[in-house]
>>> print(open('protein_13.pdb').read())   # PDB, N, CA and C atoms and all ligand atoms
ATOM      1  N   MET A 155     139.356  68.459  11.439
ATOM      2  CA  MET A 155     138.512  68.596  10.259
ATOM      3  C   MET A 155     138.815  69.945   9.591
ATOM      4  N   THR A 156     138.806  69.929   8.291
ATOM      5  CA  THR A 156     139.113  71.132   7.529
ATOM      6  C   THR A 156     137.972  71.424   6.571
ATOM      7  N   LEU A 157     137.533  72.643   6.562
ATOM      8  CA  LEU A 157     136.515  73.038   5.591
ATOM      9  C   LEU A 157     137.187  73.156   4.238
ATOM     10  N   ALA A 158     136.805  72.256   3.338
ATOM     11  CA  ALA A 158     137.448  72.222   2.025
ATOM     12  C   ALA A 158     136.848  73.247   1.080
ATOM     13  N   GLY A 159     135.641  73.638   1.339
ATOM     14  CA  GLY A 159     135.057  74.645   0.467
ATOM     15  C   GLY A 159     133.581  74.777   0.739
ATOM     16  N   ALA A 160     133.086  75.985   0.638
ATOM     17  CA  ALA A 160     131.662  76.216   0.770
ATOM     18  C   ALA A 160     131.038  76.116  -0.613
ATOM     19  N   GLN A 161     129.989  75.346  -0.709
ATOM     20  CA  GLN A 161     129.422  75.117  -2.031
ATOM     21  C   GLN A 161     128.088  75.812  -2.239
ATOM     22  N   ALA A 162     127.408  76.114  -1.156
ATOM     23  CA  ALA A 162     126.106  76.746  -1.307
ATOM     24  C   ALA A 162     125.730  77.444  -0.013
ATOM     25  N   PHE A 163     124.925  78.434  -0.142
ATOM     26  CA  PHE A 163     124.389  79.123   1.016
ATOM     27  C   PHE A 163     122.874  78.972   0.963
ATOM     28  N   SER A 164     122.301  78.573   2.068
ATOM     29  CA  SER A 164     120.850  78.439   2.098
ATOM     30  C   SER A 164     120.216  79.775   2.441
ATOM     31  N   ASN A 165     118.916  79.849   2.295
ATOM     32  CA  ASN A 165     118.205  81.077   2.636
ATOM     33  C   ASN A 165     118.301  81.401   4.116
ATOM     34  N   THR A 166     118.548  80.375   4.917
ATOM     35  CA  THR A 166     118.654  80.602   6.355
ATOM     36  C   THR A 166     120.063  80.956   6.782
ATOM     37  N   GLY A 167     120.975  81.049   5.826
ATOM     38  CA  GLY A 167     122.331  81.451   6.149
ATOM     39  C   GLY A 167     123.271  80.302   6.420
ATOM     40  N   ASP A 168     122.806  79.068   6.280
ATOM     41  CA  ASP A 168     123.698  77.938   6.483
ATOM     42  C   ASP A 168     124.625  77.793   5.287
ATOM     43  N   ILE A 169     125.810  77.276   5.567
ATOM     44  CA  ILE A 169     126.758  76.978   4.503
ATOM     45  C   ILE A 169     126.730  75.478   4.265
ATOM     46  N   ASN A 170     126.573  75.084   3.037
ATOM     47  CA  ASN A 170     126.752  73.676   2.688
ATOM     48  C   ASN A 170     128.131  73.554   2.067
ATOM     49  N   GLY A 171     128.927  72.662   2.602
ATOM     50  CA  GLY A 171     130.273  72.551   2.079
ATOM     51  C   GLY A 171     130.858  71.184   2.351
ATOM     52  N   LEU A 172     132.109  71.023   1.972
ATOM     53  CA  LEU A 172     132.806  69.772   2.196
ATOM     54  C   LEU A 172     133.736  69.928   3.382
ATOM     55  N   VAL A 173     133.645  69.020   4.306
ATOM     56  CA  VAL A 173     134.595  68.985   5.406
ATOM     57  C   VAL A 173     135.416  67.721   5.255
ATOM     58  N   THR A 174     136.730  67.892   5.246
ATOM     59  CA  THR A 174     137.610  66.750   5.060
ATOM     60  C   THR A 174     138.249  66.377   6.393
ATOM     61  N   SER A 175     138.126  65.137   6.761
ATOM     62  CA  SER A 175     138.766  64.682   7.988
ATOM     63  C   SER A 175     140.195  64.254   7.700
ATOM     64  N   ILE A 176     140.944  63.969   8.746
ATOM     65  CA  ILE A 176     142.363  63.646   8.592
ATOM     66  C   ILE A 176     142.565  62.426   7.694
ATOM     67  N   ASP A 177     141.646  61.468   7.767
ATOM     68  CA  ASP A 177     141.818  60.269   6.937
ATOM     69  C   ASP A 177     141.319  60.455   5.509
ATOM     70  N   GLY A 178     140.918  61.653   5.173
ATOM     71  CA  GLY A 178     140.607  61.954   3.785
ATOM     72  C   GLY A 178     139.159  61.753   3.400
ATOM     73  N   THR A 179     138.339  61.278   4.303
ATOM     74  CA  THR A 179     136.935  61.132   3.955
ATOM     75  C   THR A 179     136.280  62.506   3.941
ATOM     76  N   ALA A 180     135.310  62.647   3.104
ATOM     77  CA  ALA A 180     134.639  63.935   2.988
ATOM     78  C   ALA A 180     133.145  63.753   3.198
ATOM     79  N   THR A 181     132.572  64.728   3.822
ATOM     80  CA  THR A 181     131.148  64.682   4.098
ATOM     81  C   THR A 181     130.543  66.042   3.801
ATOM     82  N   ILE A 182     129.379  66.014   3.215
ATOM     83  CA  ILE A 182     128.665  67.278   3.006
ATOM     84  C   ILE A 182     127.943  67.627   4.299
ATOM     85  N   VAL A 183     128.159  68.806   4.755
ATOM     86  CA  VAL A 183     127.573  69.216   6.032
ATOM     87  C   VAL A 183     126.951  70.594   5.908
ATOM     88  N   ALA A 184     126.156  70.894   6.866
ATOM     89  CA  ALA A 184     125.629  72.253   6.989
ATOM     90  C   ALA A 184     126.269  72.868   8.214
ATOM     91  N   LEU A 185     126.866  73.989   8.033
ATOM     92  CA  LEU A 185     127.534  74.671   9.139
ATOM     93  C   LEU A 185     126.681  75.849   9.599
ATOM     94  N   GLY A 186     127.128  76.462  10.643
ATOM     95  CA  GLY A 186     126.383  77.533  11.314
ATOM     96  C   GLY A 186     125.941  78.684  10.440
ATOM     97  N   ASP A 187     125.537  79.713  11.060
ATOM     98  CA  ASP A 187     124.943  80.852  10.372
ATOM     99  C   ASP A 187     125.993  81.793   9.823
ATOM    100  N   VAL A 188     125.673  82.351   8.703
ATOM    101  CA  VAL A 188     126.454  83.436   8.136
ATOM    102  C   VAL A 188     125.719  84.722   8.499
ATOM    103  N   PRO A 189     126.420  85.733   8.930
ATOM    104  CA  PRO A 189     125.724  86.980   9.255
ATOM    105  C   PRO A 189     124.924  87.480   8.065
ATOM    106  N   ASP A 190     123.770  88.033   8.343
ATOM    107  CA  ASP A 190     122.942  88.559   7.271
ATOM    108  C   ASP A 190     123.719  89.598   6.483
ATOM    109  N   GLN A 191     123.502  89.554   5.191
ATOM    110  CA  GLN A 191     124.128  90.583   4.374
ATOM    111  C   GLN A 191     123.535  91.929   4.759
ATOM    112  N   CYS A 192     124.371  92.912   4.799
ATOM    113  CA  CYS A 192     123.914  94.245   5.144
ATOM    114  C   CYS A 192     122.933  94.719   4.075
ATOM    115  N   ARG A 193     121.676  94.876   4.459
ATOM    116  CA  ARG A 193     120.684  95.143   3.417
ATOM    117  C   ARG A 193     120.668  96.593   2.951
ATOM    118  N   VAL A 194     121.313  97.498   3.694
ATOM    119  CA  VAL A 194     121.395  98.871   3.187
ATOM    120  C   VAL A 194     122.562  99.054   2.218
ATOM    121  N   ASP A 195     123.392  98.004   2.076
ATOM    122  CA  ASP A 195     124.417  98.023   1.031
ATOM    123  C   ASP A 195     123.732  97.602  -0.262
ATOM    124  N   MET A 196     122.984  98.536  -0.830
ATOM    125  CA  MET A 196     122.078  98.219  -1.922
ATOM    126  C   MET A 196     122.800  97.725  -3.176
ATOM    127  N   ASN A 197     124.017  98.213  -3.399
ATOM    128  CA  ASN A 197     124.721  97.778  -4.609
ATOM    129  C   ASN A 197     125.720  96.667  -4.320
ATOM    130  N   GLY A 198     125.744  96.198  -3.051
ATOM    131  CA  GLY A 198     126.527  95.011  -2.720
ATOM    132  C   GLY A 198     128.025  95.165  -2.841
ATOM    133  N   ASP A 199     128.535  96.390  -2.717
ATOM    134  CA  ASP A 199     129.980  96.572  -2.858
ATOM    135  C   ASP A 199     130.708  96.541  -1.516
ATOM    136  N   GLY A 200     129.960  96.225  -0.442
ATOM    137  CA  GLY A 200     130.603  96.108   0.866
ATOM    138  C   GLY A 200     130.758  97.421   1.603
ATOM    139  N   ILE A 201     130.329  98.505   0.994
ATOM    140  CA  ILE A 201     130.442  99.833   1.601
ATOM    141  C   ILE A 201     129.054 100.462   1.627
ATOM    142  N   VAL A 202     128.732 101.146   2.712
ATOM    143  CA  VAL A 202     127.459 101.856   2.783
ATOM    144  C   VAL A 202     127.741 103.340   2.591
ATOM    145  N   ASN A 203     127.282 103.865   1.480
ATOM    146  CA  ASN A 203     127.537 105.271   1.201
ATOM    147  C   ASN A 203     126.402 105.866   0.363
ATOM    148  N   THR A 204     126.654 107.031  -0.187
ATOM    149  CA  THR A 204     125.623 107.751  -0.928
ATOM    150  C   THR A 204     125.104 106.956  -2.120
ATOM    151  N   GLN A 205     125.972 106.151  -2.726
ATOM    152  CA  GLN A 205     125.536 105.344  -3.869
ATOM    153  C   GLN A 205     124.379 104.427  -3.473
ATOM    154  N   ASP A 206     124.467 103.861  -2.257
ATOM    155  CA  ASP A 206     123.403 102.966  -1.799
ATOM    156  C   ASP A 206     122.113 103.746  -1.553
ATOM    157  N   PHE A 207     122.265 104.951  -1.029
ATOM    158  CA  PHE A 207     121.107 105.803  -0.807
ATOM    159  C   PHE A 207     120.405 106.085  -2.137
ATOM    160  N   LEU A 208     121.188 106.380  -3.156
ATOM    161  CA  LEU A 208     120.607 106.685  -4.467
ATOM    162  C   LEU A 208     119.928 105.465  -5.075
ATOM    163  N   VAL A 209     120.524 104.294  -4.878
ATOM    164  CA  VAL A 209     119.895 103.063  -5.373
ATOM    165  C   VAL A 209     118.554 102.865  -4.682
ATOM    166  N   TYR A 210     118.561 103.035  -3.341
ATOM    167  CA  TYR A 210     117.311 102.854  -2.604
ATOM    168  C   TYR A 210     116.270 103.873  -3.048
ATOM    169  N   LEU A 211     116.702 105.108  -3.187
ATOM    170  CA  LEU A 211     115.774 106.171  -3.580
ATOM    171  C   LEU A 211     115.105 105.848  -4.912
ATOM    172  N   GLY A 212     115.898 105.300  -5.841
ATOM    173  CA  GLY A 212     115.345 104.921  -7.129
ATOM    174  C   GLY A 212     114.285 103.829  -6.991
ATOM    175  N   LEU A 213     114.586 102.816  -6.169
ATOM    176  CA  LEU A 213     113.637 101.724  -5.961
ATOM    177  C   LEU A 213     112.390 102.220  -5.247
ATOM    178  N   TRP A 214     112.613 103.049  -4.236
ATOM    179  CA  TRP A 214     111.504 103.555  -3.411
ATOM    180  C   TRP A 214     110.581 104.424  -4.254
ATOM    181  N   SER A 215     111.168 105.316  -5.041
ATOM    182  CA  SER A 215     110.327 106.224  -5.827
ATOM    183  C   SER A 215     109.570 105.476  -6.924
ATOM    184  N   ALA A 216     110.119 104.324  -7.346
ATOM    185  CA  ALA A 216     109.433 103.506  -8.354
ATOM    186  C   ALA A 216     108.409 102.574  -7.714
ATOM    187  N   GLY A 217     108.377 102.539  -6.376
ATOM    188  CA  GLY A 217     107.455 101.643  -5.687
ATOM    189  C   GLY A 217     107.881 100.190  -5.755
ATOM    190  N   ASP A 218     109.170  99.958  -6.037
ATOM    191  CA  ASP A 218     109.688  98.586  -6.133
ATOM    192  C   ASP A 218     109.636  97.920  -4.765
ATOM    193  N   LEU A 219     109.163  96.671  -4.732
ATOM    194  CA  LEU A 219     109.020  95.972  -3.446
ATOM    195  C   LEU A 219     110.363  95.703  -2.768
ATOM    196  N   GLN A 220     111.460  95.839  -3.488
ATOM    197  CA  GLN A 220     112.770  95.752  -2.825
ATOM    198  C   GLN A 220     112.946  96.887  -1.826
ATOM    199  N   ALA A 221     112.148  97.928  -1.981
ATOM    200  CA  ALA A 221     112.213  99.061  -1.061
ATOM    201  C   ALA A 221     111.292  98.879   0.144
ATOM    202  N   ASP A 222     110.586  97.746   0.198
ATOM    203  CA  ASP A 222     109.699  97.458   1.333
ATOM    204  C   ASP A 222     110.540  96.982   2.509
ATOM    205  N   PHE A 223     111.111  97.904   3.245
ATOM    206  CA  PHE A 223     112.073  97.551   4.293
ATOM    207  C   PHE A 223     111.418  97.089   5.581
ATOM    208  N   ASN A 224     110.112  97.366   5.767
ATOM    209  CA  ASN A 224     109.481  96.849   6.981
ATOM    210  C   ASN A 224     108.604  95.631   6.683
ATOM    211  N   GLY A 225     108.649  95.186   5.429
ATOM    212  CA  GLY A 225     108.037  93.910   5.088
ATOM    213  C   GLY A 225     106.526  93.865   5.163
ATOM    214  N   ASP A 226     105.843  95.001   5.025
ATOM    215  CA  ASP A 226     104.381  94.986   5.105
ATOM    216  C   ASP A 226     103.719  94.921   3.729
ATOM    217  N   GLY A 227     104.521  94.746   2.689
ATOM    218  CA  GLY A 227     103.962  94.590   1.359
ATOM    219  C   GLY A 227     103.637  95.897   0.664
ATOM    220  N   GLN A 228     103.922  97.004   1.330
ATOM    221  CA  GLN A 228     103.686  98.308   0.722
ATOM    222  C   GLN A 228     104.985  99.112   0.783
ATOM    223  N   VAL A 229     105.137  99.999  -0.168
ATOM    224  CA  VAL A 229     106.304 100.874  -0.173
ATOM    225  C   VAL A 229     105.826 102.279   0.128
ATOM    226  N   ASN A 230     106.184 102.762   1.297
ATOM    227  CA  ASN A 230     105.729 104.095   1.686
ATOM    228  C   ASN A 230     106.766 104.782   2.584
ATOM    229  N   THR A 231     106.336 105.864   3.214
ATOM    230  CA  THR A 231     107.263 106.667   4.008
ATOM    231  C   THR A 231     107.907 105.870   5.132
ATOM    232  N   GLN A 232     107.158 104.924   5.702
ATOM    233  CA  GLN A 232     107.719 104.110   6.785
ATOM    234  C   GLN A 232     108.956 103.346   6.322
ATOM    235  N   ASP A 233     108.912 102.870   5.102
ATOM    236  CA  ASP A 233     110.067 102.143   4.573
ATOM    237  C   ASP A 233     111.254 103.079   4.386
ATOM    238  N   PHE A 234     110.956 104.264   3.907
ATOM    239  CA  PHE A 234     112.028 105.239   3.702
ATOM    240  C   PHE A 234     112.706 105.563   5.030
ATOM    241  N   LEU A 235     111.885 105.729   6.074
ATOM    242  CA  LEU A 235     112.450 106.043   7.386
ATOM    243  C   LEU A 235     113.242 104.857   7.943
ATOM    244  N   THR A 236     112.731 103.651   7.724
ATOM    245  CA  THR A 236     113.445 102.457   8.177
ATOM    246  C   THR A 236     114.789 102.353   7.475
ATOM    247  N   PHE A 237     114.760 102.560   6.144
ATOM    248  CA  PHE A 237     116.014 102.527   5.401
ATOM    249  C   PHE A 237     116.970 103.596   5.920
ATOM    250  N   LEU A 238     116.435 104.799   6.106
ATOM    251  CA  LEU A 238     117.283 105.919   6.519
ATOM    252  C   LEU A 238     117.960 105.630   7.864
ATOM    253  N   ASN A 239     117.200 105.065   8.797
ATOM    254  CA  ASN A 239     117.772 104.720  10.105
ATOM    255  C   ASN A 239     118.905 103.710   9.963
ATOM    256  N   GLU A 240     118.669 102.680   9.156
ATOM    257  CA  GLU A 240     119.683 101.636   8.988
ATOM    258  C   GLU A 240     120.882 102.156   8.201
ATOM    259  N   TRP A 241     120.586 102.979   7.205
ATOM    260  CA  TRP A 241     121.654 103.530   6.365
ATOM    261  C   TRP A 241     122.550 104.453   7.198
ATOM    262  N   THR A 242     121.916 105.239   8.059
ATOM    263  CA  THR A 242     122.679 106.155   8.915
ATOM    264  C   THR A 242     123.558 105.374   9.891
ATOM    265  N   ALA A 243     123.004 104.259  10.393
ATOM    266  CA  ALA A 243     123.759 103.447  11.352
ATOM    267  C   ALA A 243     124.879 102.680  10.673
ATOM    268  N   GLY A 244     124.786 102.497   9.358
ATOM    269  CA  GLY A 244     125.780 101.709   8.641
ATOM    270  C   GLY A 244     125.603 100.233   8.947
ATOM    271  N   CYS A 245     126.653  99.463   8.697
ATOM    272  CA  CYS A 245     126.544  98.007   8.942
ATOM    273  C   CYS A 245     127.627  97.544   9.903
TER
HETATM  274 CA    CA B 301     127.254  99.891  -1.274
HETATM  275 CA    CA B 302     106.642  98.665   3.738
END
>>> encode(input="protein_13.pdb", output="structure tokens")
Amino acid sequence: MTLAGAQAFSNTGDINGLVTSIDGTATIVALGDVPDQCRVDMNGDGIVNTQDFLVYLGLWSAGDLQADFNGDGQVNTQDFLTFLNEWTAGC
């Protein structure tokens, strides 16, 4: 079986795609998990660096819920520390 292409990613990380068998039949399937996107890569460029820190700082200082890194619905010092720990560790 050959993965002909990934067509969608679900919120749970599954890939929906076409798998082609040797006889040419195709079936839409859900395949395993995709690793979570590195959430400290704030600008999504695949690198964790100062730019991501600045993006987070902007969101955090504005109270944007994207900065709610511990998921408690509030943006406060705990989120900043959580981000800092993850950012320091990289991805
Ligand atoms: Ca980045
Ligand atoms: Ca929070």
>>> atom_distance(input="protein_13.pdb", atom1="atom CA of A:Gly225", atom2="atom CA of ligand CA 301 (chain B)")
21.1 Å
>>> resolve_selection(input="protein_13.pdb", expression="the PyMOL selection byres (((not hetatm)) within 8 of (chain B and resi 301))", output="PyMOL selection string")
chain A and resi 194-207
>>> residues_near_ligand(input="protein_13.pdb", ligand="ligand CA 302 (chain B)", cutoff="6.5 Å", atoms="only N, CA and C atoms and all ligand atoms", output="ChimeraX atom specification")
/A:221-230,232-233
>>> residues_near_point(input="protein_13.pdb", point="(125.8, 93.0, 7.4)", cutoff="9 Å", atoms="only C-alpha atoms", output="list in words")
Pro189, Asp190, Gln191, Cys192, Arg193, Val194, Asp195, Gly200, Gly244 and Cys245 of chain A
>>> atom_distance(input="protein_13.pdb", atom1="atom CA of A:Trp214", atom2="atom CA of A:Phe234")
7.3 Å
>>> atom_distance(input="protein_13.pdb", atom1="atom N of A:Asn239", atom2="atom CA of A:Leu219")
17.3 Å
